[in-house]
file target_21.txt (compact mmCIF, C-alpha atoms)
# COMPACT_ATOMS: atom_id res chain seq x y z
CA MET Q 1 6.14 16.73 -35.66
CA LYS Q 2 6.34 19.38 -38.37
CA ASN Q 3 8.94 21.27 -36.36
CA LEU Q 4 10.99 18.09 -36.02
CA LYS Q 5 10.90 17.43 -39.76
CA PHE Q 6 11.93 21.03 -40.43
CA ARG Q 7 14.91 20.71 -38.08
CA LEU Q 8 16.06 17.51 -39.78
CA SER Q 9 15.52 19.13 -43.18
CA LEU Q 10 17.74 22.06 -42.17
CA MET Q 11 20.39 19.59 -41.02
CA ASN Q 12 20.33 17.95 -44.46
CA PHE Q 13 20.36 21.35 -46.20
CA LEU Q 14 23.57 22.37 -44.45
CA GLU Q 15 25.13 18.89 -44.79
CA PHE Q 16 25.04 18.93 -48.58
CA ALA Q 17 25.51 22.69 -48.98
CA VAL Q 18 29.00 22.11 -47.55
CA TRP Q 19 29.74 19.62 -50.34
CA GLY Q 20 28.05 21.52 -53.16
CA ALA Q 21 30.31 24.54 -52.67
CA TYR Q 22 33.29 22.79 -54.26
CA LEU Q 23 32.50 19.26 -55.42
CA THR Q 24 31.54 20.02 -59.04
CA CYS Q 25 33.84 23.00 -59.64
CA MET Q 26 37.01 22.12 -57.73
CA GLY Q 27 38.69 20.86 -60.91
CA ASN Q 28 38.64 24.34 -62.43
CA TYR Q 29 40.64 25.79 -59.53
CA LEU Q 30 43.04 22.83 -59.37
CA GLY Q 31 44.06 23.46 -62.97
CA ILE Q 32 44.90 27.08 -62.15
CA ALA Q 33 46.70 26.09 -58.93
CA GLY Q 34 49.07 23.76 -60.79
CA LEU Q 35 47.28 20.57 -59.75
CA GLY Q 36 45.33 19.90 -62.96
CA ASP Q 37 46.91 16.50 -63.49
CA LYS Q 38 45.86 15.49 -59.97
CA ILE Q 39 42.10 16.10 -60.34
CA SER Q 40 41.27 12.40 -60.27
CA TRP Q 41 43.35 12.01 -57.11
CA PHE Q 42 41.48 14.78 -55.31
CA TYR Q 43 38.21 12.96 -55.94
CA ALA Q 44 39.82 9.60 -55.22
CA ILE Q 45 40.93 10.92 -51.81
CA GLN Q 46 37.24 11.20 -50.93
CA GLY Q 47 36.89 7.55 -51.83
CA ILE Q 48 40.03 6.42 -50.02
CA VAL Q 49 39.01 8.00 -46.71
CA SER Q 50 35.50 6.61 -47.22
CA ILE Q 51 36.93 3.10 -47.11
CA PHE Q 52 37.58 3.37 -43.38
CA MET Q 53 36.40 6.68 -41.90
CA PRO Q 54 32.58 6.19 -42.22
CA THR Q 55 32.92 2.70 -40.76
CA LEU Q 56 35.07 3.95 -37.86
CA MET Q 57 32.75 6.86 -37.16
CA GLY Q 58 29.77 4.49 -37.42
CA ILE Q 59 31.35 2.31 -34.71
CA VAL Q 60 31.88 5.36 -32.50
CA ALA Q 61 28.27 6.46 -33.09
CA ASP Q 62 26.96 2.99 -32.26
CA LYS Q 63 29.05 2.56 -29.10
CA TYR Q 64 30.39 5.76 -27.61
CA ILE Q 65 29.08 9.14 -28.88
CA GLN Q 66 25.54 9.97 -29.92
CA PRO Q 67 25.44 10.33 -33.73
CA GLN Q 68 24.17 13.92 -33.79
CA ARG Q 69 27.03 15.01 -31.52
CA LEU Q 70 29.64 13.12 -33.52
CA LEU Q 71 28.19 14.68 -36.67
CA GLY Q 72 28.87 18.13 -35.24
CA LEU Q 73 32.41 17.30 -34.12
CA CYS Q 74 33.30 15.94 -37.56
CA HIS Q 75 32.04 19.12 -39.20
CA LEU Q 76 34.05 21.28 -36.83
CA LEU Q 77 37.25 19.55 -37.90
CA ALA Q 78 36.30 19.32 -41.58
CA GLY Q 79 35.46 23.03 -41.65
CA ALA Q 80 38.69 24.05 -39.94
CA PHE Q 81 40.84 22.13 -42.43
CA MET Q 82 38.82 23.40 -45.42
CA LEU Q 83 39.28 27.00 -44.26
CA SER Q 84 43.01 26.26 -44.10
CA CYS Q 85 42.88 25.29 -47.80
CA TRP Q 86 41.18 28.60 -48.55
CA TRP Q 87 43.84 30.47 -46.59
CA MET Q 88 46.64 28.82 -48.58
CA GLY Q 89 44.96 29.90 -51.83
CA GLU Q 90 44.52 33.41 -50.45
CA GLN Q 91 48.20 33.62 -49.54
CA ALA Q 92 49.29 32.35 -52.96
CA GLY Q 93 47.16 35.02 -54.63
CA PHE Q 94 44.60 35.01 -57.42
CA GLY Q 95 45.56 33.05 -60.54
CA ASN Q 96 48.85 31.76 -59.07
CA GLU Q 97 50.04 28.24 -58.49
CA LEU Q 98 50.21 27.03 -54.90
CA PRO Q 99 53.79 27.16 -53.58
CA ASP Q 100 53.30 24.18 -51.23
CA LYS Q 101 51.08 21.74 -53.08
CA SER Q 102 51.81 18.86 -50.68
CA LEU Q 103 50.52 20.81 -47.68
CA PHE Q 104 47.38 21.81 -49.60
CA ILE Q 105 46.70 18.17 -50.47
CA ALA Q 106 47.27 17.15 -46.83
CA LEU Q 107 44.83 19.76 -45.50
CA TYR Q 108 42.23 18.84 -48.12
CA THR Q 109 42.64 15.15 -47.23
CA LEU Q 110 42.06 15.84 -43.53
CA SER Q 111 38.98 17.91 -44.34
CA VAL Q 112 37.28 15.26 -46.46
CA ALA Q 113 38.39 12.53 -44.02
CA PHE Q 114 36.09 14.11 -41.44
CA TYR Q 115 33.41 15.21 -43.90
CA MET Q 116 32.73 11.89 -45.67
CA PRO Q 117 31.54 10.07 -42.50
CA THR Q 118 28.98 12.82 -41.92
CA ILE Q 119 26.87 11.64 -44.86
CA ALA Q 120 26.19 8.32 -43.12
CA LEU Q 121 25.94 10.03 -39.72
CA THR Q 122 23.30 12.39 -41.11
CA ASN Q 123 21.25 9.37 -42.26
CA THR Q 124 21.67 7.63 -38.90
CA THR Q 125 20.68 10.75 -36.98
CA ALA Q 126 17.59 11.32 -39.13
CA PHE Q 127 16.48 7.66 -39.05
CA THR Q 128 16.92 7.45 -35.26
CA ILE Q 129 15.06 10.67 -34.48
CA LEU Q 130 12.22 9.76 -36.85
CA LYS Q 131 11.81 6.31 -35.32
CA ASN Q 132 12.03 7.67 -31.77
CA ASN Q 133 9.03 9.85 -32.66
CA GLY Q 134 6.99 7.05 -34.28
CA MET Q 135 7.51 8.05 -37.93
CA ASP Q 136 7.95 5.89 -41.04
CA THR Q 137 11.46 6.29 -42.53
CA VAL Q 138 10.40 5.18 -46.04
CA LYS Q 139 7.62 7.77 -46.13
CA ASP Q 140 9.07 10.62 -44.05
CA PHE Q 141 12.81 10.53 -44.82
CA PRO Q 142 12.84 11.35 -48.58
CA PRO Q 143 11.09 14.76 -48.17
CA ILE Q 144 13.65 15.57 -45.48
CA ARG Q 145 16.58 14.35 -47.59
CA VAL Q 146 15.42 16.44 -50.55
CA LEU Q 147 16.41 19.59 -48.63
CA GLY Q 148 19.97 18.27 -48.74
CA THR Q 149 19.83 18.43 -52.51
CA VAL Q 150 18.36 21.93 -52.32
CA GLY Q 151 21.34 22.94 -50.18
CA PHE Q 152 23.74 21.42 -52.69
CA ILE Q 153 22.05 23.37 -55.50
CA ALA Q 154 22.05 26.61 -53.51
CA THR Q 155 25.82 26.64 -53.01
CA MET Q 156 26.43 25.51 -56.61
CA TRP Q 157 24.47 28.51 -57.86
CA PHE Q 158 26.19 30.79 -55.40
CA VAL Q 159 29.78 29.85 -56.33
CA ASN Q 160 28.85 29.90 -60.04
CA CYS Q 161 27.71 33.53 -59.86
CA ALA Q 162 29.65 34.99 -56.91
CA VAL Q 163 32.66 37.19 -57.70
CA TRP Q 164 35.21 38.63 -55.25
CA ASP Q 165 37.48 41.09 -57.03
CA ASN Q 166 39.74 43.67 -55.37
CA GLY Q 167 37.71 43.78 -52.18
CA SER Q 168 34.30 44.06 -53.89
CA PHE Q 169 31.56 41.42 -54.14
CA MET Q 170 29.10 40.92 -57.00
CA MET Q 171 26.92 38.27 -58.68
CA THR Q 172 27.03 37.67 -62.43
CA LEU Q 173 26.25 35.07 -65.11
CA SER Q 174 28.87 36.50 -67.48
CA ASP Q 175 32.28 34.88 -67.70
CA ASN Q 176 34.62 36.28 -65.06
CA PRO Q 177 37.91 34.68 -63.92
CA HIS Q 178 37.21 35.87 -60.35
CA LYS Q 179 34.07 33.73 -60.00
CA PHE Q 180 34.20 31.51 -56.94
CA GLN Q 181 33.89 28.43 -59.18
CA TYR Q 182 37.37 29.21 -60.55
CA THR Q 183 39.07 30.30 -57.30
CA TYR Q 184 39.92 29.24 -53.76
CA MET Q 185 36.84 31.11 -52.46
CA GLN Q 186 34.76 27.96 -52.98
CA PHE Q 187 36.68 26.39 -50.08
CA PHE Q 188 35.88 29.38 -47.86
CA VAL Q 189 32.14 28.89 -48.48
CA SER Q 190 32.38 25.16 -47.70
CA GLY Q 191 34.43 25.61 -44.53
CA LEU Q 192 32.21 28.35 -43.15
CA LEU Q 193 29.06 26.25 -43.64
CA SER Q 194 30.69 23.30 -41.85
CA ILE Q 195 31.27 25.47 -38.78
CA VAL Q 196 27.62 26.60 -38.92
CA LEU Q 197 26.44 22.97 -39.03
CA PHE Q 198 28.67 22.11 -36.06
CA LEU Q 199 26.86 24.75 -34.02
CA TYR Q 200 23.45 23.59 -35.26
CA CYS Q 201 24.05 19.93 -34.36
CA ASN Q 202 24.20 20.93 -30.70
CA THR Q 203 20.48 21.86 -30.90
CA LEU Q 204 19.25 18.51 -32.28
CA PRO Q 205 17.31 15.95 -30.17
CA GLN Q 206 19.30 13.20 -28.47
CA CYS Q 207 19.84 9.83 -30.16
CA LYS Q 208 20.48 7.62 -27.15
CA LEU Q 209 22.91 4.76 -27.60
CA GLU Q 210 21.71 1.14 -27.52
CA LYS Q 211 22.82 -0.42 -24.24
CA LYS Q 212 23.70 -4.12 -24.25
CA ASP Q 213 23.34 -6.50 -21.35
CA GLY Q 214 25.85 -9.22 -20.52
CA ILE Q 215 29.30 -9.82 -21.94
CA VAL Q 216 30.10 -8.02 -25.21
CA SER Q 217 32.55 -9.69 -27.59
CA LEU Q 218 35.57 -7.93 -29.08
CA VAL Q 219 33.92 -8.03 -32.50
CA GLU Q 220 30.84 -6.29 -31.13
CA SER Q 221 32.85 -3.74 -29.16
CA LEU Q 222 34.69 -2.75 -32.37
CA GLY Q 223 31.46 -2.59 -34.35
CA LEU Q 224 32.74 -5.18 -36.82
CA ASN Q 225 29.59 -7.29 -36.52
CA ALA Q 226 28.08 -5.20 -39.36
CA PHE Q 227 30.29 -7.27 -41.69
CA LYS Q 228 28.21 -10.34 -40.84
CA LEU Q 229 25.72 -8.96 -43.36
CA PHE Q 230 28.02 -10.43 -46.01
CA LYS Q 231 26.96 -13.92 -44.85
CA ARG Q 232 23.58 -13.30 -46.49
CA ARG Q 233 23.81 -13.80 -50.23
CA GLN Q 234 21.42 -10.95 -50.98
CA MET Q 235 23.33 -8.44 -48.86
CA ALA Q 236 26.72 -9.60 -50.14
CA LEU Q 237 25.62 -9.09 -53.75
CA PHE Q 238 24.01 -5.78 -52.83
CA PHE Q 239 27.25 -4.46 -51.34
CA ILE Q 240 29.37 -5.79 -54.23
CA PHE Q 241 27.20 -4.12 -56.86
CA SER Q 242 27.04 -1.01 -54.70
CA ALA Q 243 30.81 -0.81 -55.04
CA LEU Q 244 30.62 -1.34 -58.82
CA LEU Q 245 27.96 1.31 -59.21
CA GLY Q 246 29.90 3.53 -56.83
CA MET Q 247 32.62 3.64 -59.49
CA CYS Q 248 30.33 5.97 -61.45
CA LEU Q 249 29.56 8.38 -58.60
CA GLN Q 250 32.42 10.86 -58.82
CA VAL Q 251 33.17 10.72 -62.56
CA THR Q 252 30.94 13.61 -63.60
CA ASN Q 253 31.56 15.48 -60.34
CA GLY Q 254 35.25 15.48 -61.18
CA PHE Q 255 35.19 15.98 -64.92
CA ALA Q 256 31.87 17.53 -66.02
CA GLY Q 257 33.12 20.99 -64.99
CA PRO Q 258 36.47 20.84 -66.84
CA PHE Q 259 34.68 19.21 -69.81
CA LEU Q 260 32.12 21.99 -70.20
CA THR Q 261 34.65 24.73 -69.44
CA SER Q 262 37.00 23.31 -72.09
CA PHE Q 263 34.70 24.71 -74.78
CA ASN Q 264 36.02 28.16 -73.80
CA ALA Q 265 39.19 27.18 -75.67
CA SER Q 266 37.30 26.95 -78.98
CA PRO Q 267 38.25 29.57 -81.62
CA ASP Q 268 34.56 29.79 -82.55
CA PRO Q 269 32.96 32.62 -80.49
CA ALA Q 270 29.55 30.92 -80.71
CA ILE Q 271 31.04 28.02 -78.73
CA SER Q 272 33.50 29.80 -76.43
CA ASP Q 273 30.94 32.44 -75.40
CA SER Q 274 28.06 29.99 -74.96
CA PHE Q 275 26.13 29.78 -71.70
CA ALA Q 276 27.24 26.17 -71.18
CA ALA Q 277 30.94 27.04 -71.47
CA ASP Q 278 30.70 30.10 -69.18
CA ASN Q 279 28.42 28.60 -66.53
CA ALA Q 280 29.43 24.97 -66.14
CA THR Q 281 28.50 24.84 -62.44
CA LEU Q 282 25.10 26.41 -63.03
CA LEU Q 283 24.32 24.06 -65.92
CA THR Q 284 25.30 20.95 -63.99
CA SER Q 285 23.11 22.10 -61.10
CA ILE Q 286 20.18 20.87 -63.20
CA SER Q 287 21.42 17.45 -62.07
CA GLN Q 288 20.71 18.34 -58.47
CA ILE Q 289 17.33 19.88 -59.33
CA SER Q 290 16.42 16.58 -60.96
CA GLU Q 291 17.77 14.80 -57.89
CA ALA Q 292 15.44 16.83 -55.66
CA PHE Q 293 12.38 15.70 -57.61
CA CYS Q 294 13.51 12.08 -57.89
CA ILE Q 295 14.01 11.74 -54.13
CA LEU Q 296 10.29 12.32 -53.68
CA LEU Q 297 9.55 9.42 -56.03
CA ILE Q 298 11.57 6.90 -54.03
CA PRO Q 299 8.84 5.82 -51.54
CA PHE Q 300 6.50 4.95 -54.41
CA PHE Q 301 9.11 3.13 -56.50
CA LEU Q 302 10.56 1.18 -53.55
CA LYS Q 303 7.16 -0.03 -52.36
CA ARG Q 304 5.85 -0.66 -55.87
CA PHE Q 305 8.88 -2.29 -57.54
CA GLY Q 306 11.38 -3.25 -54.82
CA ILE Q 307 15.09 -2.64 -54.46
CA LYS Q 308 16.19 -4.63 -57.54
CA ILE Q 309 14.14 -2.64 -60.06
CA VAL Q 310 15.03 0.64 -58.39
CA MET Q 311 18.75 -0.22 -58.54
CA LEU Q 312 18.42 -1.25 -62.20
CA MET Q 313 16.80 2.08 -63.00
CA SER Q 314 19.79 3.77 -61.42
CA MET Q 315 22.33 1.69 -63.33
CA PHE Q 316 20.81 2.30 -66.74
CA ALA Q 317 20.32 5.98 -65.92
CA TRP Q 318 24.12 6.16 -65.57
CA VAL Q 319 24.41 4.83 -69.13
CA PHE Q 320 22.34 7.77 -70.37
CA ARG Q 321 24.11 10.21 -68.04
CA PHE Q 322 27.47 9.50 -69.68
CA GLY Q 323 26.11 8.86 -73.17
CA PHE Q 324 24.31 12.21 -73.40
CA PHE Q 325 27.50 14.04 -72.45
CA GLY Q 326 29.17 12.24 -75.37
CA PHE Q 327 26.41 13.28 -77.78
CA GLY Q 328 26.17 16.86 -76.55
CA HIS Q 329 27.57 20.20 -77.70
CA PRO Q 330 27.35 23.67 -76.07
CA THR Q 331 25.34 25.18 -78.93
CA MET Q 332 21.82 24.31 -80.05
CA PRO Q 333 20.59 21.66 -80.51
CA GLY Q 334 23.51 19.81 -78.91
CA VAL Q 335 23.10 21.55 -75.57
CA VAL Q 336 19.78 19.70 -75.17
CA PHE Q 337 21.77 16.50 -74.63
CA PHE Q 338 23.71 18.17 -71.81
CA ILE Q 339 20.41 19.11 -70.20
CA LEU Q 340 19.06 15.57 -70.66
CA SER Q 341 22.21 14.17 -69.06
CA CYS Q 342 21.59 16.38 -66.04
CA ILE Q 343 17.93 15.35 -65.84
CA VAL Q 344 18.64 11.59 -65.76
CA TYR Q 345 21.25 12.17 -63.05
CA GLY Q 346 18.45 12.40 -60.49
CA VAL Q 347 17.47 8.80 -61.16
CA ALA Q 348 21.09 7.66 -61.44
CA PHE Q 349 22.13 9.10 -58.07
CA ASP Q 350 19.02 9.01 -55.87
CA PHE Q 351 17.63 5.64 -56.86
CA PHE Q 352 20.96 4.21 -55.78
CA ASN Q 353 22.25 6.27 -52.85
CA VAL Q 354 19.04 7.18 -51.01
CA SER Q 355 17.21 3.92 -51.73
CA GLY Q 356 20.31 1.96 -50.77
CA GLY Q 357 20.52 3.75 -47.41
CA ILE Q 358 16.85 2.98 -46.70
CA PHE Q 359 17.32 -0.65 -47.79
CA VAL Q 360 20.32 -1.13 -45.47
CA ASP Q 361 18.40 0.44 -42.58
CA GLN Q 362 15.52 -1.99 -43.10
CA GLU Q 363 17.73 -5.07 -43.44
CA CYS Q 364 19.87 -4.76 -40.29
CA GLU Q 365 19.16 -4.89 -36.58
CA PRO Q 366 19.09 -1.67 -34.48
CA LYS Q 367 22.42 -2.22 -32.67
CA ILE Q 368 24.45 -2.17 -35.90
CA LYS Q 369 22.51 0.39 -37.95
CA ALA Q 370 25.17 3.12 -37.83
CA SER Q 371 27.92 0.58 -38.57
CA ALA Q 372 25.89 -0.82 -41.49
CA GLN Q 373 25.39 2.66 -42.94
CA GLY Q 374 29.14 3.18 -42.63
CA LEU Q 375 29.73 -0.13 -44.41
CA PHE Q 376 27.41 0.92 -47.26
CA MET Q 377 29.29 4.22 -47.47
CA MET Q 378 32.60 2.36 -47.53
CA MET Q 379 31.55 0.16 -50.44
CA THR Q 380 30.08 2.98 -52.53
CA ASN Q 381 31.90 6.25 -51.81
CA GLY Q 382 34.97 4.36 -50.57
CA ILE Q 383 36.11 1.35 -52.55
CA GLY Q 384 33.88 1.95 -55.57
CA ALA Q 385 34.44 5.67 -55.94
CA THR Q 386 38.20 5.37 -55.42
CA ILE Q 387 38.70 2.75 -58.11
CA GLY Q 388 36.23 4.47 -60.44
CA THR Q 389 37.70 7.95 -60.07
CA LEU Q 390 41.30 6.84 -60.57
CA SER Q 391 40.27 4.73 -63.57
CA ALA Q 392 38.33 7.65 -65.03
CA GLY Q 393 41.35 9.89 -64.49
CA GLU Q 394 43.53 7.50 -66.49
CA VAL Q 395 40.98 7.46 -69.30
CA VAL Q 396 40.69 11.27 -69.40
CA ASN Q 397 44.47 11.76 -69.22
CA ALA Q 398 44.87 9.31 -72.11
CA PHE Q 399 42.53 11.25 -74.40
CA CYS Q 400 42.80 14.85 -73.07
CA SER Q 401 45.48 17.28 -71.88
CA TRP Q 402 45.71 20.73 -70.27
CA GLU Q 403 46.29 23.54 -72.76
CA GLY Q 404 46.03 27.21 -71.79
CA GLY Q 405 44.19 26.41 -68.56
CA TYR Q 406 41.62 24.14 -70.26
CA LEU Q 407 41.40 20.35 -70.36
CA VAL Q 408 40.86 19.66 -74.07
CA GLY Q 409 40.88 16.51 -76.20
CA ASP Q 410 38.68 13.60 -77.28
CA TRP Q 411 36.04 13.88 -74.58
CA GLN Q 412 33.45 11.98 -76.60
CA THR Q 413 35.41 8.74 -76.44
CA CYS Q 414 35.84 9.16 -72.67
CA TRP Q 415 32.10 9.50 -72.08
CA TYR Q 416 31.31 6.47 -74.27
CA ILE Q 417 33.79 4.33 -72.30
CA PHE Q 418 32.11 5.31 -69.03
CA ALA Q 419 28.64 4.59 -70.50
CA THR Q 420 29.73 1.12 -71.64
CA PHE Q 421 30.95 0.24 -68.14
CA ALA Q 422 27.63 1.27 -66.57
CA LEU Q 423 25.76 -0.84 -69.14
CA VAL Q 424 27.80 -3.96 -68.32
CA VAL Q 425 27.22 -3.51 -64.57
CA GLY Q 426 23.48 -3.06 -65.11
CA VAL Q 427 23.13 -6.21 -67.21
CA ALA Q 428 25.15 -8.27 -64.71
CA PHE Q 429 23.04 -7.03 -61.78
CA ALA Q 430 19.82 -7.90 -63.59
CA ILE Q 431 21.04 -11.47 -64.07
CA VAL Q 432 22.68 -12.13 -60.68
CA PHE Q 433 20.79 -10.23 -57.97
CA LYS Q 434 17.66 -11.95 -56.64
CA PRO Q 435 16.06 -10.19 -53.65
CA GLU Q 436 14.65 -12.26 -50.80
CA LYS Q 437 10.89 -12.64 -50.70
CA LYS Q 438 9.19 -11.51 -47.49
call {"tool": "encode", "arguments": {"input": "target_21.txt", "output": "structure tokens"}}
result
Amino acid sequence: MKNLKFRLSLMNFLEFAVWGAYLTCMGNYLGIAGLGDKISWFYAIQGIVSIFMPTLMGIVADKYIQPQRLLGLCHLLAGAFMLSCWWMGEQAGFGNELPDKSLFIALYTLSVAFYMPTIALTNTTAFTILKNNGMDTVKDFPPIRVLGTVGFIATMWFVNCAVWDNGSFMMTLSDNPHKFQYTYMQFFVSGLLSIVLFLYCNTLPQCKLEKKDGIVSLVESLGLNAFKLFKRRQMALFFIFSALLGMCLQVTNGFAGPFLTSFNASPDPAISDSFAADNATLLTSISQISEAFCILLIPFFLKRFGIKIVMLMSMFAWVFRFGFFGFGHPTMPGVVFFILSCIVYGVAFDFFNVSGGIFVDQECEPKIKASAQGLFMMMTNGIGATIGTLSAGEVVNAFCSWEGGYLVGDWQTCWYIFATFALVVGVAFAIVFKPEKK
């Protein structure tokens, strides 16, 4: 049993290490590559493909290919396309704009199109293997999932400190334009880890497909019967508010890095040379450290308070997440607010994403579990994240602009707008959502 949990933990470690290599620092490189005004679109692409790809892959995993095998195949393709993005940056050269921006966007789109379904497939694989071995998903899954957060943190720290300059490698906390967090090397790290996970998935236990007797309808054969969950008022409201809360998911991933790095443009050396300005990726990794601890609290909070209270905690945590960024400043004592923003992120993200995945798994029948996880992914990281990221991009572009490689402007107003939205969603959810009594 312990060996099985370790193997699933390693799967989660690699799954999120792939994402952590570029998710929070990609905006810094895009500005240098001549794509600074497209940052919101790069994060929205993740949402757009999440509208249909997780659902499609969930159908395939329910009907045709065992989820752990499909997980590996998706990572093989995602890794290959991500390495192609790295190669384009390498050919363009350090500090230069990409000559063929359209091709770069296309390769990136293909990579995330195959990566985003793997989040739901990882959940499905873990839930299935745990249940096949008589384990409790509410109790045993969070400690396994926490290793995913550790993997995300590990690659964040690595790209923040790693430097590749003229054929030599080093690690440093000092500001250096050759840090991976500013260059195309972050895509190399992500792509390489995807290939490693593809190989590892071939060693995981089988997750046999559910066989159905009798005639199977077209709806069932396409896996669309997961949408029947919308007939239940509780599940319909849950998915709708999941989409609304999903609008918050990628805002800080896309803009926290450029926001913190923008302080390098200050004429005041105390600000431009501050730790926060020079190590944006490392500072924001506190968010993932908090996430790791909060995952372990989920079993207690779900059993003690139920899904509604847990979701409300997440929604109001987003208010503080954005609000503290608005209050903060890279020098003392203002930097404390940045740290507090990162700490509450654990509640904001985990109490929604991880608890939501467990809730969906408990509320649907075995034959549609993978499809239901894909549907949850579609509503949150798909529809919600797409609308939220593009809207956030419009807000940021209205109050900030790129100057000398930094995105500077009235960031405080931007963060307060995002906090207000999260507050409205939280209040509405508290009034409308009424979980079924069992």
call {"tool": "residues_around", "arguments": {"input": "target_21.txt", "residues": "Ala422 in chain Q", "least_positions_apart": "5", "cutoff": "12 Å", "atoms": "all atoms listed in the file", "output": "PyMOL selection string"}}
result
chain Q and resi 241+244-249+251+312-323+348+388+415-417+427-429
call {"tool": "write_last_selection", "arguments": {"input": "target_21.txt", "atoms": "C-alpha atoms", "output": "short mmCIF file (atom, residue, chain, number, x, y, z; two decimals), keeping the file's coordinate frame"}}
result
data_model
loop_
_atom_site.label_atom_id
_atom_site.label_comp_id
_atom_site.auth_asym_id
_atom_site.auth_seq_id
_atom_site.Cartn_x
_atom_site.Cartn_y
_atom_site.Cartn_z
CA PHE Q 241 27.20 -4.12 -56.86
CA LEU Q 244 30.62 -1.34 -58.82
CA LEU Q 245 27.96 1.31 -59.21
CA GLY Q 246 29.90 3.53 -56.83
CA MET Q 247 32.62 3.64 -59.49
CA CYS Q 248 30.33 5.97 -61.45
CA LEU Q 249 29.56 8.38 -58.60
CA VAL Q 251 33.17 10.72 -62.56
CA LEU Q 312 18.42 -1.25 -62.20
CA MET Q 313 16.80 2.08 -63.00
CA SER Q 314 19.79 3.77 -61.42
CA MET Q 315 22.33 1.69 -63.33
CA PHE Q 316 20.81 2.30 -66.74
CA ALA Q 317 20.32 5.98 -65.92
CA TRP Q 318 24.12 6.16 -65.57
CA VAL Q 319 24.41 4.83 -69.13
CA PHE Q 320 22.34 7.77 -70.37
CA ARG Q 321 24.11 10.21 -68.04
CA PHE Q 322 27.47 9.50 -69.68
CA GLY Q 323 26.11 8.86 -73.17
CA ALA Q 348 21.09 7.66 -61.44
CA GLY Q 388 36.23 4.47 -60.44
CA TRP Q 415 32.10 9.50 -72.08
CA TYR Q 416 31.31 6.47 -74.27
CA ILE Q 417 33.79 4.33 -72.30
CA VAL Q 427 23.13 -6.21 -67.21
CA ALA Q 428 25.15 -8.27 -64.71
CA PHE Q 429 23.04 -7.03 -61.78
#
call {"tool": "residues_around", "arguments": {"input": "target_21.txt", "residues": "Asn132 in chain Q", "least_positions_apart": "2", "cutoff": "10 Å", "atoms": "all atoms listed in the file", "output": "list in words"}}
result
Ala126, Phe127, Thr128, Ile129, Leu130, Gly134, Met135, Pro205, Gln206, Cys207 and Lys208 of chain Q
call {"tool": "residues_around", "arguments": {"input": "target_21.txt", "residues": "Phe238 in chain Q", "least_positions_apart": "2", "cutoff": "10 Å", "atoms": "all atoms listed in the file", "output": "PDB file with C-alpha atoms, in the coordinates of the input"}}
result
ATOM      1  CA  PHE Q 230      28.020 -10.430 -46.010  1.00  0.00           C
ATOM      2  CA  ARG Q 232      23.580 -13.300 -46.490  1.00  0.00           C
ATOM      3  CA  ARG Q 233      23.810 -13.800 -50.230  1.00  0.00           C
ATOM      4  CA  GLN Q 234      21.420 -10.950 -50.980  1.00  0.00           C
ATOM      5  CA  MET Q 235      23.330  -8.440 -48.860  1.00  0.00           C
ATOM      6  CA  ALA Q 236      26.720  -9.600 -50.140  1.00  0.00           C
ATOM      7  CA  ILE Q 240      29.370  -5.790 -54.230  1.00  0.00           C
ATOM      8  CA  PHE Q 241      27.200  -4.120 -56.860  1.00  0.00           C
ATOM      9  CA  SER Q 242      27.040  -1.010 -54.700  1.00  0.00           C
ATOM     10  CA  ALA Q 243      30.810  -0.810 -55.040  1.00  0.00           C
ATOM     11  CA  LEU Q 244      30.620  -1.340 -58.820  1.00  0.00           C
ATOM     12  CA  ILE Q 307      15.090  -2.640 -54.460  1.00  0.00           C
ATOM     13  CA  LYS Q 308      16.190  -4.630 -57.540  1.00  0.00           C
ATOM     14  CA  MET Q 311      18.750  -0.220 -58.540  1.00  0.00           C
ATOM     15  CA  GLY Q 356      20.310   1.960 -50.770  1.00  0.00           C
ATOM     16  CA  PHE Q 359      17.320  -0.650 -47.790  1.00  0.00           C
ATOM     17  CA  VAL Q 360      20.320  -1.130 -45.470  1.00  0.00           C
ATOM     18  CA  PHE Q 376      27.410   0.920 -47.260  1.00  0.00           C
ATOM     19  CA  MET Q 379      31.550   0.160 -50.440  1.00  0.00           C
ATOM     20  CA  PHE Q 429      23.040  -7.030 -61.780  1.00  0.00           C
ATOM     21  CA  PHE Q 433      20.790 -10.230 -57.970  1.00  0.00           C
ATOM     22  CA  LYS Q 434      17.660 -11.950 -56.640  1.00  0.00           C
ATOM     23  CA  PRO Q 435      16.060 -10.190 -53.650  1.00  0.00           C
TER      24      PRO Q 435
END
call {"tool": "closest_residue", "arguments": {"input": "target_21.txt", "among": "Q:Tyr108, Q:Phe325, Q:Phe13, Q:Phe301", "to": "Phe259 in chain Q", "atoms": "all atoms listed in the file"}}
result
Q:Phe325
call {"tool": "atom_distance", "arguments": {"input": "target_21.txt", "atom1": "CA of Phe421 in chain Q", "atom2": "CA of Val336 in chain Q"}}
result
23.5 Å
call {"tool": "closest_atom_pairs", "arguments": {"input": "target_21.txt", "of": "range 32-130 of chain Q", "to": "range 180-192 of chain Q", "cutoff": "6 Å", "atoms": "only C-alpha atoms", "output": "Markdown table"}}
result
| residue | atom | partner | partner_atom | distance |
| --- | --- | --- | --- | --- |
| Q:Gly79 | CA | Q:Gly191 | CA | 4.0 |
| Q:Met82 | CA | Q:Gly191 | CA | 5.0 |
| Q:Leu83 | CA | Q:Gly191 | CA | 5.1 |
| Q:Trp86 | CA | Q:Phe187 | CA | 5.2 |
| Q:Gly89 | CA | Q:Tyr184 | CA | 5.4 |
call {"tool": "closest_residue", "arguments": {"input": "target_21.txt", "among": "Q:Val354, Q:Leu229, Q:Leu282, Q:Leu76", "to": "Ser174 in chain Q", "atoms": "only C-alpha atoms"}}
result
Q:Leu282
